>>> print(open('input_7.csv').read())   # CSV, C-alpha atoms
chain,number,residue,atom,x,y,z
R,1,MET,CA,268.5,12.7,-47.5
R,2,GLU,CA,269.8,16.2,-47.1
R,3,PHE,CA,267.4,18.9,-46.1
R,4,TYR,CA,270.2,21.2,-45.1
R,5,PRO,CA,272.9,20.7,-47.8
R,6,GLU,CA,276.1,22.5,-47.6
R,7,ILE,CA,276.2,26.2,-48.6
R,8,ILE,CA,277.5,26.8,-52.1
R,9,ALA,CA,277.8,30.5,-52.5
R,10,PHE,CA,277.6,33.7,-50.5
R,11,GLU,CA,278.4,32.0,-47.2
R,12,GLY,CA,277.8,34.1,-44.1
R,13,THR,CA,275.5,36.6,-45.7
R,14,PRO,CA,271.7,36.4,-45.5
R,15,PHE,CA,271.8,35.4,-49.2
R,16,ALA,CA,273.6,32.1,-48.6
R,17,LEU,CA,272.7,29.6,-51.4
R,18,ASN,CA,272.5,25.9,-50.9
R,19,ARG,CA,271.3,23.2,-53.3
R,20,ILE,CA,267.6,23.6,-52.5
R,21,MET,CA,267.8,27.4,-52.9
R,22,LEU,CA,269.4,26.9,-56.3
R,23,ILE,CA,266.6,24.5,-57.3
R,24,ARG,CA,264.0,27.1,-56.2
R,25,LEU,CA,265.7,29.8,-58.2
R,26,LEU,CA,265.9,27.5,-61.2
R,27,VAL,CA,262.2,26.6,-61.0
R,28,LEU,CA,261.3,30.3,-60.5
R,29,THR,CA,263.2,31.3,-63.7
R,30,LEU,CA,261.6,28.5,-65.7
R,31,LEU,CA,258.1,29.5,-64.5
R,32,VAL,CA,258.7,33.2,-65.3
R,33,VAL,CA,260.0,32.3,-68.8
R,34,LEU,CA,257.1,29.8,-69.4
R,35,PHE,CA,254.5,32.4,-68.4
R,36,ALA,CA,256.1,35.2,-70.4
R,37,LEU,CA,256.0,33.0,-73.5
R,38,TRP,CA,252.5,31.9,-72.8
R,39,THR,CA,251.1,35.4,-72.3
R,40,ARG,CA,253.0,36.6,-75.4
R,41,LYS,CA,251.3,33.8,-77.4
R,42,PHE,CA,247.9,34.8,-76.0
R,43,GLN,CA,248.4,38.5,-76.9
R,44,GLN,CA,249.5,37.6,-80.4
R,45,ALA,CA,246.4,35.3,-80.8
R,46,ASN,CA,244.2,38.2,-79.6
R,47,LYS,CA,245.8,40.7,-82.0
R,48,THR,CA,245.6,38.5,-85.1
R,49,GLN,CA,242.2,37.1,-84.1
R,50,ASN,CA,243.6,33.7,-84.9
R,51,HIS,CA,241.4,31.5,-82.7
R,52,VAL,CA,243.1,28.2,-83.6
R,53,PRO,CA,245.7,27.7,-80.8
R,54,THR,CA,249.1,26.1,-81.3
R,55,LYS,CA,250.0,23.1,-79.1
R,56,PHE,CA,252.1,25.3,-76.8
R,57,GLN,CA,249.3,27.9,-76.5
R,58,LEU,CA,246.8,25.1,-75.8
R,59,MET,CA,248.9,23.8,-73.0
R,60,GLY,CA,248.9,27.2,-71.4
R,61,GLU,CA,245.2,27.7,-71.9
R,62,ILE,CA,244.4,24.3,-70.3
R,63,SER,CA,246.5,24.8,-67.3
R,64,LEU,CA,245.4,28.3,-66.6
R,65,ASN,CA,241.8,27.4,-67.2
R,66,PHE,CA,242.1,24.5,-64.7
R,67,VAL,CA,242.8,26.9,-61.9
R,68,ARG,CA,240.3,29.5,-63.2
R,69,LYS,CA,237.3,27.3,-64.0
R,70,SER,CA,237.5,24.2,-61.8
R,71,ILE,CA,238.9,25.9,-58.7
R,72,ALA,CA,238.2,29.6,-58.6
R,73,HIS,CA,234.9,29.8,-60.4
R,74,ASP,CA,233.5,26.6,-58.9
R,75,GLN,CA,234.1,27.7,-55.3
R,76,LEU,CA,233.9,31.4,-55.4
R,77,GLY,CA,231.7,32.2,-58.4
R,78,GLU,CA,232.8,34.2,-61.5
R,79,LYS,CA,233.1,37.6,-59.9
R,80,ASP,CA,235.0,36.8,-56.7
R,81,GLY,CA,236.8,34.0,-58.4
R,82,ASP,CA,238.4,36.5,-60.9
R,83,ARG,CA,239.2,38.9,-58.0
R,84,PHE,CA,241.3,36.4,-56.2
R,85,LEU,CA,242.6,34.6,-59.4
R,86,PRO,CA,246.1,36.1,-59.5
R,87,LEU,CA,246.9,34.7,-56.0
R,88,LEU,CA,245.4,31.3,-56.6
R,89,THR,CA,247.2,30.9,-60.0
R,90,THR,CA,250.5,31.9,-58.4
R,91,ILE,CA,250.1,29.5,-55.5
R,92,PHE,CA,249.1,26.6,-57.8
R,93,PHE,CA,251.9,27.0,-60.3
R,94,VAL,CA,254.6,27.8,-57.7
R,95,THR,CA,253.6,24.8,-55.6
R,96,LEU,CA,253.4,22.5,-58.6
R,97,GLY,CA,256.8,23.7,-60.0
R,98,MET,CA,258.5,23.4,-56.7
R,99,ASN,CA,257.0,20.0,-55.9
R,100,ILE,CA,257.8,18.3,-59.1
R,101,THR,CA,261.6,18.8,-58.8
R,102,GLY,CA,261.4,16.1,-56.1
R,103,ILE,CA,261.3,13.4,-58.8
R,104,ILE,CA,263.3,15.1,-61.6
R,105,PRO,CA,266.6,13.1,-61.9
R,106,GLY,CA,269.6,15.3,-61.0
R,107,LEU,CA,267.6,17.7,-58.8
R,108,ASN,CA,265.9,15.0,-56.7
R,109,ILE,CA,264.6,17.3,-53.9
R,110,SER,CA,261.6,19.5,-54.0
R,111,GLY,CA,261.9,23.2,-53.3
R,112,THR,CA,259.0,22.9,-50.9
R,113,SER,CA,260.6,20.2,-48.7
R,114,VAL,CA,262.1,22.9,-46.5
R,115,ILE,CA,259.5,24.9,-44.6
R,116,GLY,CA,260.4,28.4,-45.6
R,117,LEU,CA,258.6,28.6,-48.9
R,118,PRO,CA,255.4,26.9,-47.7
R,119,ILE,CA,255.3,29.4,-44.8
R,120,VAL,CA,255.5,32.3,-47.2
R,121,MET,CA,252.6,30.9,-49.3
R,122,ALA,CA,250.5,30.1,-46.2
R,123,ILE,CA,251.0,33.6,-44.9
R,124,ALA,CA,249.9,35.0,-48.3
R,125,ALA,CA,246.7,32.8,-48.1
R,126,TYR,CA,246.1,33.7,-44.4
R,127,VAL,CA,246.4,37.5,-45.1
R,128,THR,CA,244.2,37.1,-48.2
R,129,PHE,CA,241.3,35.3,-46.5
R,130,ILE,CA,241.3,37.7,-43.5
R,131,TYR,CA,241.4,40.7,-46.0
R,132,ALA,CA,238.5,39.2,-47.9
R,133,GLY,CA,236.5,38.8,-44.8
R,134,VAL,CA,237.2,42.2,-43.3
R,135,LYS,CA,236.6,43.9,-46.7
R,136,LYS,CA,233.2,42.3,-47.0
R,137,HIS,CA,231.9,42.2,-43.4
R,138,GLY,CA,234.2,44.7,-41.5
R,139,GLY,CA,234.9,44.0,-37.9
R,140,HIS,CA,231.8,41.7,-37.8
R,141,PHE,CA,234.0,39.1,-39.6
R,142,PHE,CA,236.0,38.5,-36.4
R,143,THR,CA,233.0,38.5,-34.0
R,144,SER,CA,231.0,36.1,-36.2
R,145,ALA,CA,234.0,33.8,-36.7
R,146,LEU,CA,234.8,33.7,-33.0
R,147,PHE,CA,231.2,33.8,-31.7
R,148,PRO,CA,229.2,31.7,-34.2
R,149,ALA,CA,225.4,32.4,-34.2
R,150,GLY,CA,223.0,29.9,-32.9
R,151,VAL,CA,225.2,28.7,-30.0
R,152,PRO,CA,223.8,29.1,-26.5
R,153,LYS,CA,225.7,31.9,-24.7
R,154,ALA,CA,227.2,29.6,-22.0
R,155,PHE,CA,228.9,27.5,-24.6
R,156,TYR,CA,231.0,30.4,-25.9
R,157,VAL,CA,233.4,29.5,-23.1
R,158,LEU,CA,234.1,26.3,-25.0
R,159,VAL,CA,233.4,27.3,-28.6
R,160,THR,CA,235.4,30.5,-28.8
R,161,PRO,CA,238.8,29.1,-27.9
R,162,ILE,CA,238.3,26.2,-30.3
R,163,GLU,CA,237.2,28.6,-33.1
R,164,LEU,CA,240.2,30.9,-32.4
R,165,LEU,CA,242.6,27.9,-32.6
R,166,SER,CA,241.1,26.3,-35.6
R,167,THR,CA,240.4,29.4,-37.7
R,168,PHE,CA,243.2,31.8,-37.0
R,169,ILE,CA,246.1,29.5,-35.8
R,170,LEU,CA,245.7,26.0,-37.2
R,171,ARG,CA,244.7,27.1,-40.7
R,172,PRO,CA,247.9,28.7,-41.8
R,173,VAL,CA,250.0,26.2,-39.7
R,174,THR,CA,248.4,23.2,-41.3
R,175,LEU,CA,248.6,24.7,-44.8
R,176,ALA,CA,252.4,25.0,-44.5
R,177,LEU,CA,252.9,21.8,-42.6
R,178,ARG,CA,250.8,19.7,-45.0
R,179,LEU,CA,252.8,20.6,-48.0
R,180,THR,CA,256.2,20.4,-46.3
R,181,MET,CA,255.5,17.1,-44.6
R,182,ASN,CA,254.1,15.5,-47.7
R,183,MET,CA,257.3,16.4,-49.6
R,184,ILE,CA,259.6,15.3,-46.8
R,185,ALA,CA,257.8,12.0,-46.4
R,186,GLY,CA,258.0,11.4,-50.2
R,187,HIS,CA,261.7,12.2,-50.3
R,188,LEU,CA,262.4,9.9,-47.3
R,189,LEU,CA,260.5,7.0,-49.0
R,190,LEU,CA,262.4,7.5,-52.3
R,191,VAL,CA,265.7,7.7,-50.4
R,192,LEU,CA,264.9,4.6,-48.4
R,193,CYS,CA,263.9,2.6,-51.5
R,194,PHE,CA,266.9,3.6,-53.7
R,195,SER,CA,269.5,3.3,-50.9
R,196,ALA,CA,268.2,-0.1,-50.1
R,197,THR,CA,268.5,-1.0,-53.8
R,198,GLN,CA,272.1,0.2,-53.8
R,199,PHE,CA,272.9,-1.7,-50.6
R,200,PHE,CA,271.3,-5.0,-51.8
R,201,PHE,CA,272.9,-4.9,-55.3
R,202,PHE,CA,276.5,-3.9,-54.3
R,203,GLU,CA,277.0,-4.9,-50.7
R,204,ALA,CA,274.7,-7.8,-49.8
R,205,ASP,CA,275.8,-11.3,-50.9
R,206,GLY,CA,274.2,-14.3,-52.4
R,207,LEU,CA,270.5,-14.5,-52.8
R,208,PHE,CA,270.0,-11.2,-50.9
R,209,LYS,CA,270.8,-9.4,-54.1
R,210,LEU,CA,267.3,-10.5,-55.3
R,211,PHE,CA,265.7,-8.2,-52.7
R,212,GLY,CA,267.3,-5.3,-54.6
R,213,ALA,CA,265.1,-5.9,-57.6
R,214,GLY,CA,262.0,-5.6,-55.3
R,215,THR,CA,263.1,-2.4,-53.7
R,216,PHE,CA,264.0,-1.0,-57.1
R,217,VAL,CA,260.5,-1.7,-58.4
R,218,PHE,CA,259.0,-0.1,-55.2
R,219,GLY,CA,261.3,2.9,-55.7
R,220,PHE,CA,260.0,3.3,-59.3
R,221,ALA,CA,256.4,2.9,-58.2
R,222,PHE,CA,256.9,5.5,-55.4
R,223,THR,CA,258.4,7.9,-58.0
R,224,LEU,CA,255.2,7.7,-60.0
R,225,PHE,CA,253.2,8.1,-56.8
R,226,GLU,CA,255.3,11.2,-56.0
R,227,ILE,CA,254.2,12.8,-59.3
R,228,LEU,CA,250.6,12.3,-58.2
R,229,VAL,CA,251.3,13.7,-54.8
R,230,ALA,CA,253.0,16.8,-56.3
R,231,PHE,CA,249.9,17.6,-58.4
R,232,LEU,CA,247.6,16.7,-55.5
R,233,GLN,CA,249.3,18.9,-53.0
R,234,ALA,CA,249.4,21.9,-55.4
R,235,TYR,CA,245.7,21.3,-56.0
R,236,VAL,CA,244.8,20.9,-52.3
R,237,PHE,CA,246.8,23.9,-51.3
R,238,THR,CA,245.0,26.1,-53.9
R,239,LEU,CA,241.6,24.5,-53.1
R,240,LEU,CA,242.0,25.1,-49.3
R,241,THR,CA,243.0,28.7,-49.9
R,242,THR,CA,239.9,29.1,-52.1
R,243,VAL,CA,237.7,27.5,-49.5
R,244,TYR,CA,239.0,29.7,-46.7
R,245,ILE,CA,238.4,32.8,-48.9
R,246,GLN,CA,234.9,31.5,-49.6
R,247,LEU,CA,234.1,30.8,-45.9
R,248,ALA,CA,235.3,34.4,-45.1
R,249,LEU,CA,233.1,35.8,-47.9
R,250,SER,CA,230.0,33.7,-47.1
R,251,ASP,CA,226.9,35.4,-45.7
R,252,GLU,CA,226.5,33.4,-42.4
R,253,HIS,CA,229.2,35.7,-41.1
W,1,MET,CA,270.4,-8.5,-18.6
W,2,ASP,CA,268.9,-9.3,-15.2
W,3,VAL,CA,265.8,-11.4,-14.7
W,4,THR,CA,263.4,-8.6,-14.3
W,5,THR,CA,264.2,-7.2,-17.8
W,6,PHE,CA,262.1,-9.6,-19.8
W,7,ALA,CA,262.0,-7.9,-23.1
W,8,GLU,CA,264.2,-4.9,-23.9
W,9,LEU,CA,263.1,-2.2,-26.3
W,10,SER,CA,265.7,0.0,-27.9
W,11,GLY,CA,265.3,2.9,-30.3
W,12,ASN,CA,263.3,6.1,-30.3
W,13,LEU,CA,259.9,6.2,-28.6
W,14,ALA,CA,258.9,8.9,-31.1
W,15,VAL,CA,258.6,6.2,-33.7
W,16,VAL,CA,255.9,4.5,-31.7
W,17,GLY,CA,254.3,7.9,-31.2
W,18,TYR,CA,254.1,8.5,-34.9
W,19,GLY,CA,252.6,5.0,-35.4
W,20,LEU,CA,249.8,5.9,-33.0
W,21,ALA,CA,249.3,9.3,-34.6
W,22,ALA,CA,248.9,7.6,-38.0
W,23,VAL,CA,246.1,5.3,-36.8
W,24,GLY,CA,243.3,7.9,-36.4
W,25,PRO,CA,243.9,9.7,-39.7
W,26,GLY,CA,244.2,6.4,-41.4
W,27,ILE,CA,240.7,5.4,-40.3
W,28,GLY,CA,239.5,8.9,-41.1
W,29,VAL,CA,240.7,9.0,-44.6
W,30,GLY,CA,239.3,5.5,-45.2
W,31,LEU,CA,235.9,6.6,-44.0
W,32,VAL,CA,236.0,9.7,-46.2
W,33,VAL,CA,236.9,7.8,-49.3
W,34,SER,CA,234.5,4.9,-48.7
W,35,LYS,CA,231.6,7.3,-48.2
W,36,THR,CA,232.5,9.2,-51.3
W,37,ILE,CA,232.6,6.0,-53.3
W,38,GLU,CA,229.2,5.0,-51.9
W,39,SER,CA,227.7,8.4,-52.8
W,40,ILE,CA,229.2,8.3,-56.3
W,41,ALA,CA,227.7,4.8,-56.8
W,42,ARG,CA,224.3,6.2,-55.8
W,43,GLN,CA,224.6,9.5,-57.8
W,44,PRO,CA,227.2,9.2,-60.5
W,45,GLU,CA,226.3,12.6,-62.0
W,46,LEU,CA,227.5,14.3,-58.8
W,47,ALA,CA,231.0,12.6,-59.1
W,48,ALA,CA,232.9,15.8,-59.9
W,49,LYS,CA,231.4,17.8,-57.0
W,50,LEU,CA,231.8,14.9,-54.5
W,51,GLN,CA,235.5,14.4,-55.5
W,52,VAL,CA,236.3,18.0,-54.6
W,53,THR,CA,234.7,17.6,-51.2
W,54,MET,CA,236.5,14.3,-50.8
W,55,TRP,CA,239.9,16.0,-51.4
W,56,LEU,CA,239.0,18.6,-48.9
W,57,GLY,CA,238.0,16.0,-46.3
W,58,ILE,CA,241.2,14.1,-46.9
W,59,ALA,CA,243.3,17.2,-46.6
W,60,PHE,CA,241.7,18.1,-43.2
W,61,THR,CA,242.0,14.5,-41.8
W,62,GLU,CA,245.5,14.0,-43.2
W,63,ALA,CA,246.7,17.1,-41.4
W,64,LEU,CA,246.6,15.3,-38.1
W,65,ALA,CA,249.0,12.6,-39.3
W,66,LEU,CA,251.3,15.3,-40.7
W,67,ILE,CA,251.3,17.2,-37.4
W,68,GLY,CA,252.3,13.9,-35.8
W,69,LEU,CA,255.2,13.7,-38.4
W,70,ALA,CA,256.2,17.2,-37.6
W,71,THR,CA,256.3,17.0,-33.8
W,72,PRO,CA,259.8,15.3,-33.6
W,73,PHE,CA,261.2,18.2,-35.7
W,74,ILE,CA,259.6,20.8,-33.4
W,75,PHE,CA,260.2,19.2,-30.0
W,76,ALA,CA,263.5,17.4,-30.6
>>> encode(input="input_7.csv", output="structure tokens")
Amino acid sequence: MEFYPEIIAFEGTPFALNRIMLIRLLVLTLLVVLFALWTRKFQQANKTQNHVPTKFQLMGEISLNFVRKSIAHDQLGEKDGDRFLPLLTTIFFVTLGMNITGIIPGLNISGTSVIGLPIVMAIAAYVTFIYAGVKKHGGHFFTSALFPAGVPKAFYVLVTPIELLSTFILRPVTLALRLTMNMIAGHLLLVLCFSATQFFFFEADGLFKLFGAGTFVFGFAFTLFEILVAFLQAYVFTLLTTVYIQLALSDEH
Amino acid sequence: MDVTTFAELSGNLAVVGYGLAAVGPGIGVGLVVSKTIESIARQPELAAKLQVTMWLGIAFTEALALIGLATPFIFA
């Protein structure tokens, strides 16, 4: 249960590294290598016109198409979907890669369980949906977001502060918080289960040792649950970014 | 312990606060999922579309519980 582990290298400089930073760098390297290999495969397949993919290439196609087809194209349509695809793909795979380290033995903490990285991604999403809205509707984007049409004038006293809060403040905050808090809660659950197992097996006496088996099974079940949560949070983060962009682009504005 | 102290509570009040904060979103997520199941039972061919909307609804509702979880970190 260490969200602020001791610093390993470069202490005192802004580049101080602790265990979580090292995990993030490791995941980043792995992602870069994986995508470099995938894109090289795609290029080779394009050049040789060999349309039967290898297993490795197929894996890449399926994962990239998941973001492209079932998130971007479904919500934004083909044209706008492809426009914002680089951001969405980056968000999805970075979140997924950083989340999944929470259950990998030996790493055991996810790179997103400290709020810095989620904040960076939330800011990227925030800037993008405001950019999308302003590019399409100009300054009208802000007025129609803050003063929705069809509301009686007197109600703007109530509606405008709520819209301001929910659209421009709570959206990025909840994006970052949702991811971080899910990862923290998952880590706490796993720590609780496995430290209880350790306690029951090695320190409790008599029949209490039996409880250890129960907590161990629960810990294992929660590990499986954490895999689901890692995928789900990556999906939800990407989906929400897409929906925010779609709301900014939509014509009611 | 004097006579007027009938039952003594110890520990952090924030724990009770988080318990209360989890009630609303719990009911909310339950409603979202139950309605989605109902709709899928009525229109199975819309399942994929409804599931996306369900995840969105869950994400928005769940955010409240997670804000509750975050408040001790912010105000402590």
>>> interface_residues(input="input_7.csv", of="chain R", to="chain W", cutoff="10 Å", atoms="only C-alpha atoms", output="mmCIF file with C-alpha atoms, in the coordinates of the input")
data_model
loop_
_atom_site.group_PDB
_atom_site.id
_atom_site.type_symbol
_atom_site.label_atom_id
_atom_site.label_comp_id
_atom_site.auth_asym_id
_atom_site.auth_seq_id
_atom_site.Cartn_x
_atom_site.Cartn_y
_atom_site.Cartn_z
ATOM 1 C CA SER R 70 237.500 24.200 -61.800
ATOM 2 C CA ILE R 71 238.900 25.900 -58.700
ATOM 3 C CA ASP R 74 233.500 26.600 -58.900
ATOM 4 C CA GLN R 75 234.100 27.700 -55.300
ATOM 5 C CA LEU R 170 245.700 26.000 -37.200
ATOM 6 C CA ARG R 171 244.700 27.100 -40.700
ATOM 7 C CA VAL R 173 250.000 26.200 -39.700
ATOM 8 C CA THR R 174 248.400 23.200 -41.300
ATOM 9 C CA LEU R 175 248.600 24.700 -44.800
ATOM 10 C CA LEU R 177 252.900 21.800 -42.600
ATOM 11 C CA ARG R 178 250.800 19.700 -45.000
ATOM 12 C CA LEU R 179 252.800 20.600 -48.000
ATOM 13 C CA THR R 180 256.200 20.400 -46.300
ATOM 14 C CA MET R 181 255.500 17.100 -44.600
ATOM 15 C CA ASN R 182 254.100 15.500 -47.700
ATOM 16 C CA ILE R 184 259.600 15.300 -46.800
ATOM 17 C CA ALA R 185 257.800 12.000 -46.400
ATOM 18 C CA LEU R 232 247.600 16.700 -55.500
ATOM 19 C CA GLN R 233 249.300 18.900 -53.000
ATOM 20 C CA TYR R 235 245.700 21.300 -56.000
ATOM 21 C CA VAL R 236 244.800 20.900 -52.300
ATOM 22 C CA PHE R 237 246.800 23.900 -51.300
ATOM 23 C CA LEU R 239 241.600 24.500 -53.100
ATOM 24 C CA LEU R 240 242.000 25.100 -49.300
ATOM 25 C CA VAL R 243 237.700 27.500 -49.500
#
>>> residues_around(input="input_7.csv", residues="R:Leu34", least_positions_apart="6", cutoff="12 Å", atoms="all atoms listed in the file", output="list in words")
Val27, Leu28, Arg40, Lys41, Phe56, Gln57, Met59, Gly60, Ser63, Phe93 and Gly97 of chain R
>>> atom_distance(input="input_7.csv", atom1="atom CA of R:Thr241", atom2="atom CA of R:Ala124")
9.5 Å
>>> atom_distance(input="input_7.csv", atom1="atom CA of W:Val29", atom2="atom CA of W:Leu50")
14.6 Å
>>> atom_distance(input="input_7.csv", atom1="atom CA of R:Ile130", atom2="atom CA of R:Val67")
21.4 Å
>>> residues_around(input="input_7.csv", residues="W:Gly28", least_positions_apart="4", cutoff="7 Å", atoms="only C-alpha atoms", output="PyMOL selection string")
chain W and resi 24+32+61
>>> residues_around(input="input_7.csv", residues="R:Glu61", least_positions_apart="6", cutoff="10 Å", atoms="all atoms listed in the file", output="number ranges by chain")
R: 38-39, 42, 53, 55
>>> closest_residue(input="input_7.csv", among="R:Lys69, R:Ala45, R:Glu11, R:Ala176", to="R:Val120", atoms="all atoms listed in the file")
R:Ala176
